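Inspection log for the structure reproduced underneath, given as C-alpha cells.
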Amino acid sequence: MGGLTCGSLLAKEGLSVLVAEQHVKPGGYCTSFERKGFAFDLGFDFLSGCDEGGAIAKTINELGLAHEIEFLKLNSVGRLIGRDHDIRVTSLKGAGEELKRRFPAESKNIDAFVRECKALSAEIGPLLQAVPDLMSFMQKIEFVMKFLVKCPRFRKYGMKPSGKLASHFFKDPKLNVILLTPIVDFEPGMTSVMLLECLAESDRAYYPKRGGAQALANLFTKGLTNHGGEIALKTRVNKILIEDGKATGVELADRHRIKSDYVISNADARQTFLKLVGPEYLRPKFVRGLSESRLTPSAFLVSLGVNMDLGEMGFDGALISYCPNYDLNKLFGSDPENCRIGIKMHSLLDPAQAPVGMHTVQLLAALPHDYMDYWRREKDGTRGKQYKELKESVANKLIASVEKIIPGLQEHIVYRDIATPLTFERFTSNSCGAMAGWYPAPVAKIRSQRTPIKNLFQAGHWTFPGGTVAFAIQSGRNAAQMVLKDSISYMTTK
Ligand SMILES: Cc1cc2nc3c(=O)[nH]c(=O)nc-3n(C[C@H](O)[C@H](O)[C@H](O)COP(=O)(O)OP(=O)(O)OC[C@H]3O[C@@H](n4cnc5c(N)ncnc54)[C@H](O)[C@@H]3O)c2cc1C
C-alpha cells in the first residue's frame, strides 16, 4: 500500500512510474483471497485513517477516487473476551465505563487512564503527520521545541513498555491483563505510546463496505493507472542498481534492467538493504542495525468457512480478542492451547464474503516464525508432510480453544485454510513474516523514508513503528513528497 500510494501520487504529478510487484495481485498484506465462495482478508482486521484528514481519506480524495469506495464505521472496534470478562470497546469512554462497572475499586484509575489516552492521542496526531525530512533547518528546530513543550505525555510514555504502564495505573492484575491484550498483537514489551494511541483510536475504526482488503488495494492500483502509472505483476526486483553512490534503476528477476531517476522500495527493510542494495554500499553500523533490530511478530492464521448463523449468536463482526486465561506469559507465549487469539468475522460486515446462510471466521495467533524448528519444514526449506501435520494440529488446538466462545464451531466448518508465518513470508517477502515491520519497542529508532543511498527512498510499514495500512499509506505520501522535492530542486539547479 505504501508503494501504490507513492506511485499514484507521483504519477499524478506527471512522473513516469512503474510499480513492480512480485505477487499475482496488488496489495501485499492488504489483500484478500477467495476459496469455495468465501473471501478472506490476509493482513487486515480493520482500518484507521479513514476519517476526514486521515491518511487513507486524504489520499483517496487526492486521487479522485472518493466516490468509488464506501467505508463502514464500526460500532465497536473490538470485543475483549476472557473467562470472567466480555467487554465491547465501542469507544474509549464506553470501554472505560464498562471496566468501571466490573472493577469499581479501580474507578479513579480507569478515569485517569482514559484521560491520558485521550491527551496522548491529541499530542500524537500532529507528530505522526510531521515529516522532519521535508523541513528546513529552522522548521526542524521549531518542531523539536514544540515536541519538548507540547508533547509531555509522549515523552513520559515513549520510553515505557506497555507492561509497566498498566501496572502503573492499576492494582488488579486481571485489569492489567485485559488492557494489555486489546486490539494489537504485540506483547507487553511494546511502547506504551502505541497501546494508548491504539485504545484512543478505538472509536475510529472502519472496514470497506464491499470487497474487503482487496477492494482498497485495487482502488489504489486504479489511482496509479488512472494517472498514467503502470503496475507489473509477477515481476520481482532482484537488485537496486547503484552507480556513483546513487540509485539508478532496478534489475528484475529475468535480468531485465530498468533505468530510473528514483527508486522507491516498499519491500522489507532487510531485503531492501542487505539483498537488493548490498551491504557493500552501506556503513557497517547501519547494516548491524538492520540485523539486530527486533521485528514485530508474525501470525498464524486459520481461515474458516462455516455454515452457522453467527449474527444470531450475538456476534457483530467486531474483532474479538480472546484470552483463555489471565497469565500474560501464556497469552503471549507460543502454546496454541493457551495463547491469545484474535477472531475476525468479516462476513458479518460484508455479507458478500460468504455464501447465503454461511459466514467466515478467522483465528489469528501471534506464533513465532521459528516455532518448532521453523514449523518442521524440510532441511532444504520446502514444506513437506511434517509441516502440514504440524499446522493442522496447531489449527485444531486454536479451534478447540475458541469453541468456548463459538460453541459447535468445529462441526460447522465447511472450508479451512491455514497460513503460517512461513506463508506470510513467502507471499510478501517480509522478514520472518513480520506483520508490521520493526517492533515498536520503547527505544526503537524512528526511521525515515529517506535512505543512506541517494535517490533511493523507502515506503511502507518498515518506516513507521507499529505498521498498519494507514501508516504504510502515510509513508508512501511522505516518500512521494521527498521525491518531488528532490526532483524540483534537481530541475532548478540543472
Ligand atoms: C495478520 C495481520 C493482521 C494485520 N491487521 C491489521 C489491521 O487490522 N489494520 C491495519 O491497519 N494493519 C494491519 N496489519 C498490518 C498491515 O497489513 C501492514 O502494516 C501493511 O499492509 C503493510 O503495507 P506495506 O505497503 O508496508 O507492505 P507489504 O504489505 O508488506 O507489501 C510489500 C509488497 O512488496 C512486494 N515485494 C516484496 N519484495 C519484492 C521484490 N523484491 N520485488 C517485487 N515485489 C516485492 C510484496 O509482494 C508485497 O506486495 C496486519 C498485518 C498482518 C500480517
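Every chain in the C-alpha cells takes a letter, A first, then B, and so on in the order presented; its residues are numbered from 1, and the ligands are numbered from 1 following the presented order.
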DSSP alpha helix (DSSP H) residues within range 185-424 of chain A, as number ranges by chain: A: 192-200, 212-226, 269-270, 284-292, 328-331, 371-376, 385-402, 421-424
Within 12 Å of Leu179 in chain A using only C-alpha atoms, minus same-chain residues under 6 positions, as number ranges by chain: A: 79-82, 85, 87, 89, 92, 95-96, 99, 110, 113-114, 162-167, 169-170, 172-173, 187-188, 192, 195-196, 198-199, 321, 323, 326, 328
Do a neighbour search on Leu409 in chain A at 8 Å with only C-alpha atoms, toss out local chain neighbours closer than 4 positions, and write the hits as an mmCIF file with all heavy atoms, in the first residue's frame.
```
data_model
loop_
_atom_site.group_PDB
_atom_site.id
_atom_site.type_symbol
_atom_site.label_atom_id
_atom_site.label_comp_id
_atom_site.auth_asym_id
_atom_site.auth_seq_id
_atom_site.Cartn_x
_atom_site.Cartn_y
_atom_site.Cartn_z
ATOM 1 N N VAL A 306 -17.916 -21.299 7.508
ATOM 2 C CA VAL A 306 -18.764 -22.092 8.414
ATOM 3 C C VAL A 306 -20.244 -21.963 8.029
ATOM 4 O O VAL A 306 -20.674 -20.912 7.548
ATOM 5 C CB VAL A 306 -18.594 -21.647 9.897
ATOM 6 C CG1 VAL A 306 -17.175 -21.870 10.371
ATOM 7 C CG2 VAL A 306 -18.991 -20.189 10.108
ATOM 8 N N ILE A 399 -8.861 -23.912 17.220
ATOM 9 C CA ILE A 399 -10.312 -24.089 17.044
ATOM 10 C C ILE A 399 -10.922 -24.618 18.347
ATOM 11 O O ILE A 399 -11.965 -24.128 18.806
ATOM 12 C CB ILE A 399 -10.611 -25.038 15.848
ATOM 13 C CG1 ILE A 399 -10.183 -24.359 14.543
ATOM 14 C CG2 ILE A 399 -12.090 -25.413 15.788
ATOM 15 C CD1 ILE A 399 -10.116 -25.273 13.331
ATOM 16 N N GLU A 403 -13.793 -22.810 20.728
ATOM 17 C CA GLU A 403 -15.108 -23.460 20.923
ATOM 18 C C GLU A 403 -15.818 -22.918 22.164
ATOM 19 O O GLU A 403 -17.033 -22.913 22.248
ATOM 20 C CB GLU A 403 -14.930 -24.972 21.084
ATOM 21 C CG GLU A 403 -14.777 -25.736 19.792
ATOM 22 C CD GLU A 403 -16.104 -26.215 19.221
ATOM 23 O OE1 GLU A 403 -17.120 -26.151 19.936
ATOM 24 O OE2 GLU A 403 -16.110 -26.639 18.052
ATOM 25 N N ILE A 413 -17.616 -26.424 10.221
ATOM 26 C CA ILE A 413 -16.618 -25.936 9.253
ATOM 27 C C ILE A 413 -16.840 -26.614 7.902
ATOM 28 O O ILE A 413 -16.870 -27.845 7.805
ATOM 29 C CB ILE A 413 -15.184 -26.238 9.767
ATOM 30 C CG1 ILE A 413 -14.941 -25.472 11.081
ATOM 31 C CG2 ILE A 413 -14.143 -25.849 8.718
ATOM 32 C CD1 ILE A 413 -13.666 -25.841 11.800
#
```
Taking only C-alpha atoms and all ligand atoms into account, produce a table as a Markdown table in which each residue of chain A with an atom at most 7 Å from an atom of ligand 1 appears once, together with its shortest atom pair and the distance in Å to one decimal, ordered by chain and rising number.
```
| residue | atom | partner | partner_atom_place_in_ligand_line | distance |
| --- | --- | --- | --- | --- |
| A:Met1 | CA | ligand 1 | 25 (O) | 3.8 |
| A:Gly2 | CA | ligand 1 | 25 (O) | 3.9 |
| A:Gly3 | CA | ligand 1 | 25 (O) | 5.9 |
| A:Ala20 | CA | ligand 1 | 43 (C) | 5.3 |
| A:Glu21 | CA | ligand 1 | 44 (N) | 3.8 |
| A:Gln22 | CA | ligand 1 | 43 (C) | 4.0 |
| A:His23 | CA | ligand 1 | 47 (O) | 5.0 |
| A:Pro26 | CA | ligand 1 | 49 (O) | 6.0 |
| A:Gly27 | CA | ligand 1 | 49 (O) | 5.3 |
| A:Gly28 | CA | ligand 1 | 49 (O) | 3.1 |
| A:Tyr29 | CA | ligand 1 | 29 (O) | 3.8 |
| A:Cys30 | CA | ligand 1 | 21 (O) | 4.7 |
| A:Leu42 | CA | ligand 1 | 1 (C) | 6.0 |
| A:Gly43 | CA | ligand 1 | 2 (C) | 3.4 |
| A:Phe44 | CA | ligand 1 | 5 (N) | 3.8 |
| A:Asp45 | CA | ligand 1 | 8 (O) | 3.3 |
| A:Phe46 | CA | ligand 1 | 8 (O) | 4.2 |
| A:Leu47 | CA | ligand 1 | 11 (O) | 4.9 |
| A:Ser48 | CA | ligand 1 | 11 (O) | 6.3 |
| A:Thr235 | CA | ligand 1 | 43 (C) | 5.8 |
| A:Arg236 | CA | ligand 1 | 42 (N) | 3.6 |
| A:Val237 | CA | ligand 1 | 42 (N) | 3.9 |
| A:Asn238 | CA | ligand 1 | 41 (N) | 5.7 |
| A:Asn266 | CA | ligand 1 | 34 (O) | 5.5 |
| A:Ala267 | CA | ligand 1 | 37 (C) | 4.2 |
| A:Asp268 | CA | ligand 1 | 37 (C) | 6.3 |
| A:Ser298 | CA | ligand 1 | 53 (C) | 6.6 |
| A:Ala299 | CA | ligand 1 | 1 (C) | 5.3 |
| A:Leu301 | CA | ligand 1 | 1 (C) | 6.9 |
| A:Leu364 | CA | ligand 1 | 1 (C) | 6.8 |
| A:Phe424 | CA | ligand 1 | 53 (C) | 6.9 |
| A:Phe427 | CA | ligand 1 | 47 (O) | 6.0 |
| A:Thr428 | CA | ligand 1 | 46 (C) | 3.9 |
| A:Ser429 | CA | ligand 1 | 37 (C) | 5.0 |
| A:Asn430 | CA | ligand 1 | 30 (O) | 5.8 |
| A:Ala434 | CA | ligand 1 | 53 (C) | 6.9 |
| A:Met435 | CA | ligand 1 | 53 (C) | 3.8 |
| A:Ala436 | CA | ligand 1 | 19 (O) | 4.3 |
| A:Gly437 | CA | ligand 1 | 19 (O) | 6.9 |
| A:Ala459 | CA | ligand 1 | 26 (O) | 6.6 |
| A:Gly460 | CA | ligand 1 | 26 (O) | 3.1 |
| A:His461 | CA | ligand 1 | 26 (O) | 3.7 |
| A:Trp462 | CA | ligand 1 | 26 (O) | 6.3 |
| A:Gly467 | CA | ligand 1 | 19 (O) | 4.0 |
| A:Thr468 | CA | ligand 1 | 12 (N) | 3.4 |
| A:Val469 | CA | ligand 1 | 11 (O) | 3.8 |
| A:Ala470 | CA | ligand 1 | 11 (O) | 5.6 |
| A:Ala472 | CA | ligand 1 | 26 (O) | 4.7 |
```
Strand (DSSP E or B) call set, DSSP backbone run, range 250-466 of chain A, as a VMD selection string: chain A and resid 250 to 252 257 to 259 263 to 265 295 300 to 306 319 to 323 341 to 344 359 to 365 413 to 419 438 450 454 456 to 458
Separation of CA of Ile178 in chain A from CA of Pro324 in chain A in Å: 11.5 Å
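Each of A:Gly189, A:Gly94, A:Gly211, A:Pro351 was compared to Ser76 in chain A using only C-alpha atoms, and A:Gly94 turns out to be the nearest.
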A:Ile406, A:Leu63, A:Leu422, A:Leu175 ranked by distance to Arg383 in chain A, top pick (using only C-alpha atoms):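 Closest candidate: A:Leu422.
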Shell of 9 Å around range 139-154 of chain A, only C-alpha atoms, local chain residues under 6 positions omitted, as JSON, numbers by chain: {"A": [116, 119, 120, 123, 124, 127, 130, 132, 133, 193]}
Could you turn the residues from that selection into a file that holds N, CA and C atoms, as a CSV table (one decimal), in the first residue's frame?
```csv
chain,number,residue,atom,x,y,z
A,116,GLU,N,-5.5,10.0,30.0
A,116,GLU,CA,-4.1,10.0,29.5
A,116,GLU,C,-4.1,9.5,28.0
A,119,ALA,N,-5.4,12.5,25.9
A,119,ALA,CA,-4.4,13.6,25.9
A,119,ALA,C,-3.2,13.2,25.0
A,120,LEU,N,-2.8,11.9,25.1
A,120,LEU,CA,-1.7,11.5,24.3
A,120,LEU,C,-2.1,11.5,22.8
A,123,GLU,N,-1.8,14.8,21.3
A,123,GLU,CA,-0.4,15.2,21.1
A,123,GLU,C,0.2,14.5,19.8
A,124,ILE,N,-0.2,13.2,19.7
A,124,ILE,CA,0.4,12.4,18.7
A,124,ILE,C,0.0,12.7,17.2
A,127,LEU,N,2.2,14.9,15.4
A,127,LEU,CA,3.5,14.3,15.4
A,127,LEU,C,3.6,13.3,14.2
A,130,ALA,N,3.9,14.9,10.8
A,130,ALA,CA,5.1,15.7,10.6
A,130,ALA,C,6.2,14.9,9.9
A,132,PRO,N,10.0,15.4,9.3
A,132,PRO,CA,11.2,16.3,9.5
A,132,PRO,C,12.1,16.4,8.3
A,133,ASP,N,12.1,15.2,7.5
A,133,ASP,CA,13.0,15.3,6.3
A,133,ASP,C,12.6,16.3,5.2
A,193,VAL,N,3.1,4.2,24.3
A,193,VAL,CA,2.5,5.1,23.4
A,193,VAL,C,1.6,4.4,22.4
```
Using only C-alpha atoms: which of A:Leu233, A:Val77, A:Val250, A:Val263 has the shortest distance to Asn455 in chain A: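 Of A:Leu233, A:Val77, A:Val250, A:Val263, the one nearest Asn455 in chain A is A:Val263, counting only C-alpha atoms.
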